[in-house]
Amino acid sequence: MTERTYFAPMGGHPPQTDLLTDRAVFTDAYAVIPKGTMRDIVTSFLPFWEDTRLWVIARPLSGFAETFSHYIMEVQPGGGSDRPELDEGAQGVLFVVEGEVAVTVGGEAHVLTPGSYAYIPAGADWSLRNESGAVTRFHWIRKAYEAVEGIDRPEPLILNEADIAPTVMPDTNGAWATTRFVDPNDLRHDMHVTIVTFQPGGVIPFLETHVMEHGLYVLEGKAVYKLNNDWVEVEAGDYMWLRAFCPQACYAGGPGPFRYLLYKDVNRHMGLPRRG
């Protein structure tokens, strides 16, 4: 198994001598948040979390992407929370990129290390603590769970990327693959968080245009990404945020693999407005 690396923001501030020019852009179809914007000045804090700060890189916005929020959490040794989620209707996915954290879900304790994935069902009793001697950084993606009568709710999941064989896209000769933590046919789940990997030279060979909203955090490598009408360069630490039906494609130029953590909403009817 190839040893994986996962980029994590460190904060800090650039010197006064740096130019202001960067690659950040926000349009009516997509946003690109480069790694260089994730500085100390834009961190946030949450109720009942100790020795923890976070970067909010996506939140529901009317008329844009509306289904999810995406945080990058930074927990100091000894930090964490016994009341991490205050919304009983919110499910979550954690993905660890640096350090080690202890998570207890429904009374069962787990240690998460880089590459670990945790699915936390809505309403679950859970807590999180950094019991190590080093800073821990992880992604936390949240979505309001859409229950369906006659379909069971999903159970907690604790997995690691290293234990999952990627699913290779047909007719790509291994150039494009997806690491799936949840079976796509499991209709209990209304969101998927996966890892997409392109080998150097790999491409999305058409403009994907679909109903799913996306958050894409680049874990490793670099590429050029087609977003709506624009080609943008992205690298490890950058974030792309796409509304529904934003055309998208990419080309991974190398020299190493291009990999990103991907969110999308799935498996539910479209909500319809009520009139009269």
# chains A, B, ... in the order shown; residues from 1 in each chain; ligands from 1
call {"tool": "residues_around", "arguments": {"residues": "A:Ala147", "least_positions_apart": "4", "cutoff": "10 Å", "atoms": "only C-alpha atoms", "output": "JSON, numbers by chain"}}
result
{"A": [89, 122, 151, 152, 153, 154, 188, 189, 190, 268]}
call {"tool": "closest_atom_pairs", "arguments": {"of": "stretch 103-188 of chain A", "to": "stretch 41-51 of chain A", "cutoff": "10 Å", "atoms": "only C-alpha atoms", "output": "tab-separated table"}}
result
residue	atom	partner	partner_atom	distance
A:Leu128	CA	A:Trp49	CA	9.3
A:Arg129	CA	A:Glu50	CA	9.4
A:Asn130	CA	A:Asp51	CA	9.7
call {"tool": "residues_around", "arguments": {"residues": "A:Tyr71", "least_positions_apart": "6", "cutoff": "8 Å", "atoms": "only C-alpha atoms", "output": "PyMOL selection string"}}
result
chain A and resi 54-58+139-141
call {"tool": "closest_atom_pairs", "arguments": {"of": "stretch 113-174 of chain A", "to": "stretch 74-85 of chain A", "cutoff": "6 Å", "atoms": "only C-alpha atoms", "output": "JSON lines"}}
result
{"residue": "A:Ser127", "atom": "CA", "partner": "A:Asp82", "partner_atom": "CA", "distance": 4.6}
{"residue": "A:Leu128", "atom": "CA", "partner": "A:Gly80", "partner_atom": "CA", "distance": 5.4}
{"residue": "A:Arg129", "atom": "CA", "partner": "A:Gly80", "partner_atom": "CA", "distance": 4.4}
{"residue": "A:Asn130", "atom": "CA", "partner": "A:Gly78", "partner_atom": "CA", "distance": 5.2}
{"residue": "A:Glu131", "atom": "CA", "partner": "A:Gly78", "partner_atom": "CA", "distance": 5.5}
{"residue": "A:Ser132", "atom": "CA", "partner": "A:Pro77", "partner_atom": "CA", "distance": 5.9}
{"residue": "A:Gly133", "atom": "CA", "partner": "A:Pro77", "partner_atom": "CA", "distance": 5.4}
{"residue": "A:Ala134", "atom": "CA", "partner": "A:Pro77", "partner_atom": "CA", "distance": 5.6}
{"residue": "A:Val135", "atom": "CA", "partner": "A:Gln76", "partner_atom": "CA", "distance": 4.7}
{"residue": "A:Thr136", "atom": "CA", "partner": "A:Val75", "partner_atom": "CA", "distance": 5.2}
{"residue": "A:Arg137", "atom": "CA", "partner": "A:Glu74", "partner_atom": "CA", "distance": 4.6}
call {"tool": "residues_around", "arguments": {"residues": "A:Val266", "least_positions_apart": "6", "cutoff": "10 Å", "atoms": "only C-alpha atoms", "output": "short mmCIF file (atom, residue, chain, number, x, y, z; two decimals) with all heavy atoms, in the first residue's frame"}}
result
data_model
loop_
_atom_site.label_atom_id
_atom_site.label_comp_id
_atom_site.auth_asym_id
_atom_site.auth_seq_id
_atom_site.Cartn_x
_atom_site.Cartn_y
_atom_site.Cartn_z
N PRO A 184 -22.58 2.77 -2.67
CA PRO A 184 -23.49 3.70 -3.37
C PRO A 184 -24.93 3.20 -3.42
O PRO A 184 -25.86 4.01 -3.59
CB PRO A 184 -22.89 3.79 -4.78
CG PRO A 184 -21.47 3.40 -4.62
CD PRO A 184 -21.44 2.39 -3.52
N LEU A 187 -29.25 3.01 0.35
CA LEU A 187 -30.12 4.18 0.32
C LEU A 187 -30.39 4.76 1.69
O LEU A 187 -31.10 5.77 1.81
CB LEU A 187 -31.44 3.83 -0.37
CG LEU A 187 -31.34 3.47 -1.86
CD1 LEU A 187 -32.73 3.27 -2.45
CD2 LEU A 187 -30.59 4.55 -2.63
N HIS A 189 -28.13 6.21 3.22
CA HIS A 189 -27.26 7.39 3.22
C HIS A 189 -27.74 8.40 2.19
O HIS A 189 -28.04 8.05 1.04
CB HIS A 189 -25.82 6.98 2.91
CG HIS A 189 -25.16 6.24 4.03
ND1 HIS A 189 -24.49 6.88 5.05
CD2 HIS A 189 -25.09 4.91 4.31
CE1 HIS A 189 -24.03 5.99 5.90
NE2 HIS A 189 -24.38 4.79 5.48
N ASP A 190 -27.78 9.68 2.61
CA ASP A 190 -28.17 10.76 1.70
C ASP A 190 -27.01 11.70 1.38
O ASP A 190 -27.21 12.78 0.83
CB ASP A 190 -29.37 11.53 2.24
CG ASP A 190 -29.06 12.27 3.54
OD1 ASP A 190 -27.92 12.16 4.05
OD2 ASP A 190 -29.96 12.97 4.04
N MET A 191 -25.81 11.31 1.77
CA MET A 191 -24.61 12.02 1.33
C MET A 191 -23.46 11.04 1.23
O MET A 191 -23.45 10.02 1.92
CB MET A 191 -24.23 13.16 2.29
CG MET A 191 -23.64 12.74 3.62
SD MET A 191 -22.94 14.17 4.50
CE MET A 191 -22.42 13.40 6.03
N HIS A 192 -22.55 11.32 0.33
CA HIS A 192 -21.33 10.53 0.19
C HIS A 192 -20.12 11.43 0.37
O HIS A 192 -20.09 12.55 -0.17
CB HIS A 192 -21.25 9.86 -1.19
CG HIS A 192 -22.21 8.74 -1.37
ND1 HIS A 192 -22.51 8.20 -2.60
CD2 HIS A 192 -22.94 8.00 -0.47
CE1 HIS A 192 -23.38 7.23 -2.47
NE2 HIS A 192 -23.66 7.09 -1.19
N VAL A 211 -26.96 17.33 -10.68
CA VAL A 211 -27.70 17.95 -9.59
C VAL A 211 -26.92 17.99 -8.28
O VAL A 211 -27.22 18.81 -7.41
CB VAL A 211 -29.05 17.22 -9.40
CG1 VAL A 211 -28.83 15.82 -8.84
CG2 VAL A 211 -29.99 18.01 -8.51
N MET A 212 -25.93 17.13 -8.10
CA MET A 212 -25.23 17.08 -6.82
C MET A 212 -24.36 18.31 -6.58
O MET A 212 -23.62 18.73 -7.46
CB MET A 212 -24.33 15.83 -6.75
CG MET A 212 -25.10 14.54 -6.56
SD MET A 212 -25.63 13.83 -8.13
CE MET A 212 -24.12 13.06 -8.66
N GLU A 213 -24.48 18.87 -5.37
CA GLU A 213 -23.56 19.91 -4.94
C GLU A 213 -22.25 19.25 -4.52
O GLU A 213 -22.23 18.10 -4.10
CB GLU A 213 -24.15 20.69 -3.76
CG GLU A 213 -25.44 21.40 -4.12
CD GLU A 213 -26.06 22.12 -2.94
OE1 GLU A 213 -25.68 21.84 -1.78
OE2 GLU A 213 -26.93 22.96 -3.18
#
call {"tool": "residues_around", "arguments": {"residues": "A:Val111", "least_positions_apart": "6", "cutoff": "9 Å", "atoms": "only C-alpha atoms", "output": "compact mmCIF listing (two decimals) with N, CA and C atoms, in the first residue's frame"}}
result
# COMPACT_ATOMS: atom_id res chain seq x y z
N GLU A 100 -3.80 12.51 15.82
CA GLU A 100 -4.56 11.39 16.36
C GLU A 100 -5.64 11.94 17.27
N VAL A 101 -6.82 11.33 17.19
CA VAL A 101 -7.92 11.81 18.02
C VAL A 101 -8.75 10.62 18.50
N ALA A 102 -9.27 10.71 19.72
CA ALA A 102 -10.12 9.67 20.28
C ALA A 102 -11.57 10.10 20.13
N VAL A 103 -12.37 9.25 19.50
CA VAL A 103 -13.79 9.54 19.29
C VAL A 103 -14.60 8.42 19.93
N THR A 104 -15.60 8.81 20.71
CA THR A 104 -16.53 7.86 21.31
C THR A 104 -17.90 8.10 20.71
call {"tool": "closest_residue", "arguments": {"among": "A:Val224, A:Phe206, A:Thr67, A:Glu146", "to": "A:His269", "atoms": "only C-alpha atoms"}}
result
A:Glu146
